[in-house]
Every structure is written in C-alpha cells, then in structure tokens.
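Report on one structure; see the data block that follows.
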Amino acid sequence: MEWLTAPFEVAFVQRALWAGVLVSAICALAGTWVVLRGMAFLGDAMSHGLLPGVAIAALLGGNPLVGAVVSAAVMTAGVTALGRTPRLSQDTGIGLLFVGMLSLGVIIVSRSQSFAVDLTGFLFGDVLAVRESDLLLLAVALLLALVVSVLGHRALLALAFDDRKAETLGLRPRVAHAVLLGLLALAIVATFHIVGTLLVLGLLIAPPAAALPWARGVSGVMALAVLLGATSTFGGLLLSWHLSTAAGATVSALAVSLFFLSHLASAIRHRRRTHLSRSAAGPVHTPTTRPNDI
C-alpha cells in the first residue's frame with residue numbers, strides 16, 4: 001500500500017490533490033450545463049481566448065489572473081453580441097472570436113523574450129506548483145459558482161432543454177445564457193493556471209459527460225461529475241508520480257479515459273437489458289401457411 005500513499009505524503013502533492021478536487025467541483029457545476037447545451041466548442045474557445053489578457057499582464061509585470069478575467073469578460077461580451085446577429089450562426093461567431101483572440105495572444109506573447117516558457121505555462125499549467133493562496137482562490141471561486149448555480153438553477157434548466165419554454169415561463173433565456181457564459185468563464189479563469197487552458201476541458205467536459213448515462217437529474221450529474229473529477233485527480237497524480245509524466249496532462253487523460261469507460265459500460269448495460277427483455281418476452285412465433293389451408 002506504500003505505492004498508493006507515498007506520493008500524498010509530500011506537501012506539494014497534497015496541495016495538488018486539494019486543488020484538483022476544488023477544480024473538479026467548479027468544473028462540474030459549469031461543465032454539466034456546457035454538456036447539456038452542447039457548448040464544448042465554446043468552452044474550448046473561451047479557454048484559448050484568455051491568452052491576450054494573460055500575455056499583456058505578463059508583459060506589463062501584472063497579475064496574469066487579472067488579465068485572464070479581462071479576456072474572459074471580452075469573450076463573454078463578444079459571444080453574447082454575436083449570438084444576437086440574425087445572419088451569423090453562433091458557431092461562426094465563436095470560431096471567429098476563437099481564432100482572433102488566440103492569434104492576438106500569440107502575437108503579443110511573441111514579443112516577449114520568454115515566449116516558450118510563458119506559452120507552455122499558459123497551455124499546460126502546473127498543478128504541482130499550487131500554493132495555499134491558490135487553494136483559497138479556488139475555494140472562493142467554488143463558493144461563487146455554487147451561489148450562481150443555486151440561484152440560476154431553474155432558468156439554466158429551462159434554457160438547457162427548451163429556449164422557447166424558458167421564454168414562455170418568463171425566465172429570460174438571454175439573461176440565463178449570459179449567466180451560463182459567466183459561470184463558464186469563472187470556471188476557466190479559476191482553473192487555467194492549475195491545469196492549463198488546453199487541459200481544462202478534460203475536467204470541464206469529461207466528468208459530466210461520463211456521468212450522464214448513470215445519473216438521474218442535473219443535480220445527480222453534477223454530484224457524480226465531482227466524484228469522477230476527484231477520482232481522476234487522485235489517480236492522475238498517482239500515475240504521474242510513479243511514471244514521471246506531466247501531472248496535469250495525466251489527470252486530464254484519466255478523466256477522458258473514464259468517459260470512454262463509462263459509455264462503454266453503459267452500452268454493455270443497454271445491450272444486456274435488451275437481451276434480457278427479449279428473453280423474458282419469449283420466442284416470437286411466425287405463423288406458417290400449409291398447402292391444405294389454402
């Protein structure tokens with residue numbers, strides 16, 4: 001059992017584990033709605049759209065987190081504005097913002113002498129470098145995400161399944177959509193420096209998607225997604241320690257692997273139930289026609 005507990009006797013791995021659990025909870029609250037709404041591409045675009053703000057903050061010697069907040073606000077406002085353009089599909093608008101913001105960020109970062117280091121840290125993060133102040137920030141972000149999720153649950157639920165019904169119920173779907181974008185931005189901004197923008201989608205999308213076949217109701221999906229995310233964090237850190245692999249990437253890869261295992265198990269369960277139901281119904285007798293009956 002020493003191989004199982006030895007990594008977590010080290011202080012920085014303990015902090016990484018706590019950070020991963022908090023990130024898993026934040027991503028589960030936002031990622032569940034992202035999965036239900038089919039907005040994975042938006043999550044990817046917003047995570048990469050943070051680069052210009054982070055780059056400017058780094059060049060000016062400021063806090064990259066502040067730059068990420070500004071970029072997230074710009075992306076949220078841009079997606080909301082372009083979504084109201086009648087002749088432009090939402091995917092097109094998101095794609096244009098994605099390419100534009102990412103290109104601008106790379107141009108800005110390329111002016112820095114520490115281009116490779118800055119960009120690598122932005123893309124992949126460093127979960128093993130988590131400080132106690134980062135844990136406090138994640139705890140505050142989780143509390144805020146919980147408040148938004150509880151207060152906006154009814155509107156977000158109606159928005160996730162039927163925009164017109166949300167309008168009929170007076171739930172103001174446009175406002176609910178803006179709140180959802182804000183929740184997504186909060187999750188990405190609070191977690192990108194832990195697992196990186198390229199890997200944040202692993203915890204944002206994979207655990208809720210893996211929970212869908214097994215949970216009943218949105219709250220059940222969120223709860224199971226937190227559990228799956230925490231499991232991915234523990235297992236990823238354990239594998240990373242023993243295999244000497246990148247911790248954040250290993251955590252995200254394990255989360256994606258759990259998604260495929262979940263849906264494989266769900267498919268096997270469905271086939272088994274179908275087989276049992278057919279067996280219980282008995283053999284199907286096909287009437288035959290004999291020559292003497294004609």
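Naming works like this for the structure tokens: A, B, ... for the chains as they're shown, residue 1 at the start of each chain, ligands 1 onward in shown order.
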
Spatial neighbours of range 133-140 of chain A, 8 Å, only C-alpha atoms, chain gap at least 3 places, as a list in words
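My list of contacting residues is Arg15, Trp18, Ala19, Leu22, Val23, Val130, Leu143, Leu144, Ala190 and Thr191 of chain A.
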
All helix (DSSP H, G or I) positions in range 192-247 of chain A, as a PyMOL selection string: chain A and resi 192-195+197-211+217-243+247

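The neighbours of range 85-95 of chain A here are the residues that come within 10 Å of it, using only C-alpha atoms and leaving out any residue fewer than 5 positions away in the same chain; they are Met39, Phe41, Leu42, Gly43, Asp44, Ala45, Met46, Met75, Gly78, Val79, Thr80, Gly100 and Met101 of chain A.
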
Which neighbours of Trp3 in chain A fall inside 10 Å, counting only C-alpha atoms, when residues of the same chain fewer than 6 positions from it are skipped, and could you give them as a list in words?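 Near Trp3 in chain A, the qualifying residues are Leu238, Trp241 and His242 of chain A.
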
Let me make sure I understand: among A:Val109, A:Ile205, A:Leu17, A:Ala225, which one has the smallest atom-to-atom distance to Leu60 in chain A if we use only C-alpha atoms?
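Closest to Leu60 in chain A of all the choices is A:Val109.
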
Counting only C-alpha atoms, the residue among A:Val13, A:Val195, A:Ala55, A:Ala210 that lies closest to Phe124 in chain A is A:Val195

Can you tell me, as a compact mmCIF listing (two decimals) with all heavy atoms, in the first residue's frame, what residues are no more than 10 Å from Leu239 in chain A when counting only C-alpha atoms, ignoring any on the same chain fewer than 6 positions away?
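Result saved to out.txt:
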```txt
# COMPACT_ATOMS: atom_id res chain seq x y z
N LEU A 4 0.62 3.48 -2.94
CA LEU A 4 -0.63 4.22 -3.06
C LEU A 4 -0.63 5.50 -2.23
O LEU A 4 -1.25 6.50 -2.60
CB LEU A 4 -1.79 3.33 -2.64
CG LEU A 4 -3.21 3.84 -2.88
CD1 LEU A 4 -3.47 4.00 -4.37
CD2 LEU A 4 -4.23 2.88 -2.26
N PRO A 7 3.06 9.11 -2.54
CA PRO A 7 3.07 10.43 -3.20
C PRO A 7 2.36 11.51 -2.39
O PRO A 7 2.77 12.68 -2.40
CB PRO A 7 2.33 10.17 -4.53
CG PRO A 7 2.46 8.71 -4.74
CD PRO A 7 2.45 8.09 -3.40
N THR A 233 -8.29 13.15 -10.49
CA THR A 233 -7.20 13.90 -9.89
C THR A 233 -6.31 12.98 -9.06
O THR A 233 -5.07 13.00 -9.19
CB THR A 233 -7.75 15.02 -8.99
OG1 THR A 233 -8.54 15.91 -9.79
CG2 THR A 233 -6.62 15.79 -8.34
N THR A 245 5.34 11.38 -15.41
CA THR A 245 4.67 12.07 -16.51
C THR A 245 4.15 13.42 -16.03
O THR A 245 4.13 13.70 -14.82
CB THR A 245 3.50 11.24 -17.05
OG1 THR A 245 2.59 10.96 -15.97
CG2 THR A 245 3.98 9.93 -17.64
N ALA A 246 3.74 14.26 -16.97
CA ALA A 246 3.18 15.57 -16.62
C ALA A 246 1.89 15.39 -15.83
O ALA A 246 0.97 14.70 -16.27
CB ALA A 246 2.91 16.37 -17.89
N ALA A 247 1.82 16.01 -14.66
CA ALA A 247 0.71 15.76 -13.74
C ALA A 247 -0.64 16.22 -14.32
O ALA A 247 -1.62 15.47 -14.33
CB ALA A 247 0.98 16.45 -12.41
N THR A 250 -1.79 14.10 -17.21
CA THR A 250 -2.18 12.76 -16.77
C THR A 250 -3.56 12.78 -16.13
O THR A 250 -4.37 11.88 -16.35
CB THR A 250 -1.16 12.20 -15.76
OG1 THR A 250 0.16 12.29 -16.34
CG2 THR A 250 -1.46 10.76 -15.43
N VAL A 251 -3.83 13.82 -15.34
CA VAL A 251 -5.16 13.95 -14.73
C VAL A 251 -6.24 14.07 -15.81
O VAL A 251 -7.27 13.39 -15.77
CB VAL A 251 -5.20 15.17 -13.79
CG1 VAL A 251 -6.63 15.47 -13.35
CG2 VAL A 251 -4.32 14.94 -12.58
N LEU A 254 -6.75 10.82 -17.77
CA LEU A 254 -7.51 9.83 -17.00
C LEU A 254 -8.99 10.19 -16.98
O LEU A 254 -9.86 9.31 -17.05
CB LEU A 254 -6.97 9.76 -15.57
CG LEU A 254 -7.59 8.68 -14.67
CD1 LEU A 254 -7.46 7.29 -15.30
CD2 LEU A 254 -6.93 8.70 -13.29
```

| What does the distance between CA of Val179 in chain A and CA of Val69 in chain A come to in Å, to one decimal place? |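 We find that CA of Val179 in chain A and CA of Val69 in chain A lie 15.2 Å from each other.
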
Have a look at CA of Ala16 in chain A and CA of Gly125 in chain A and let me know their distance in Å, one decimal.
->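 Between CA of Ala16 in chain A and CA of Gly125 in chain A the gap is 11.8 Å.
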
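Minimum distance to Leu102 in chain A across A:Val21, A:Met222, A:Ile268, A:Leu51 (counting only C-alpha atoms) occurs at A:Leu51.
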
- Task: Could you jot down the CA of Gly236 in chain A to CA of Ala185 in chain A separation for me, Å, one decimal place?
- Result: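 Result for CA of Gly236 in chain A versus CA of Ala185 in chain A: 24.7 Å, one decimal.
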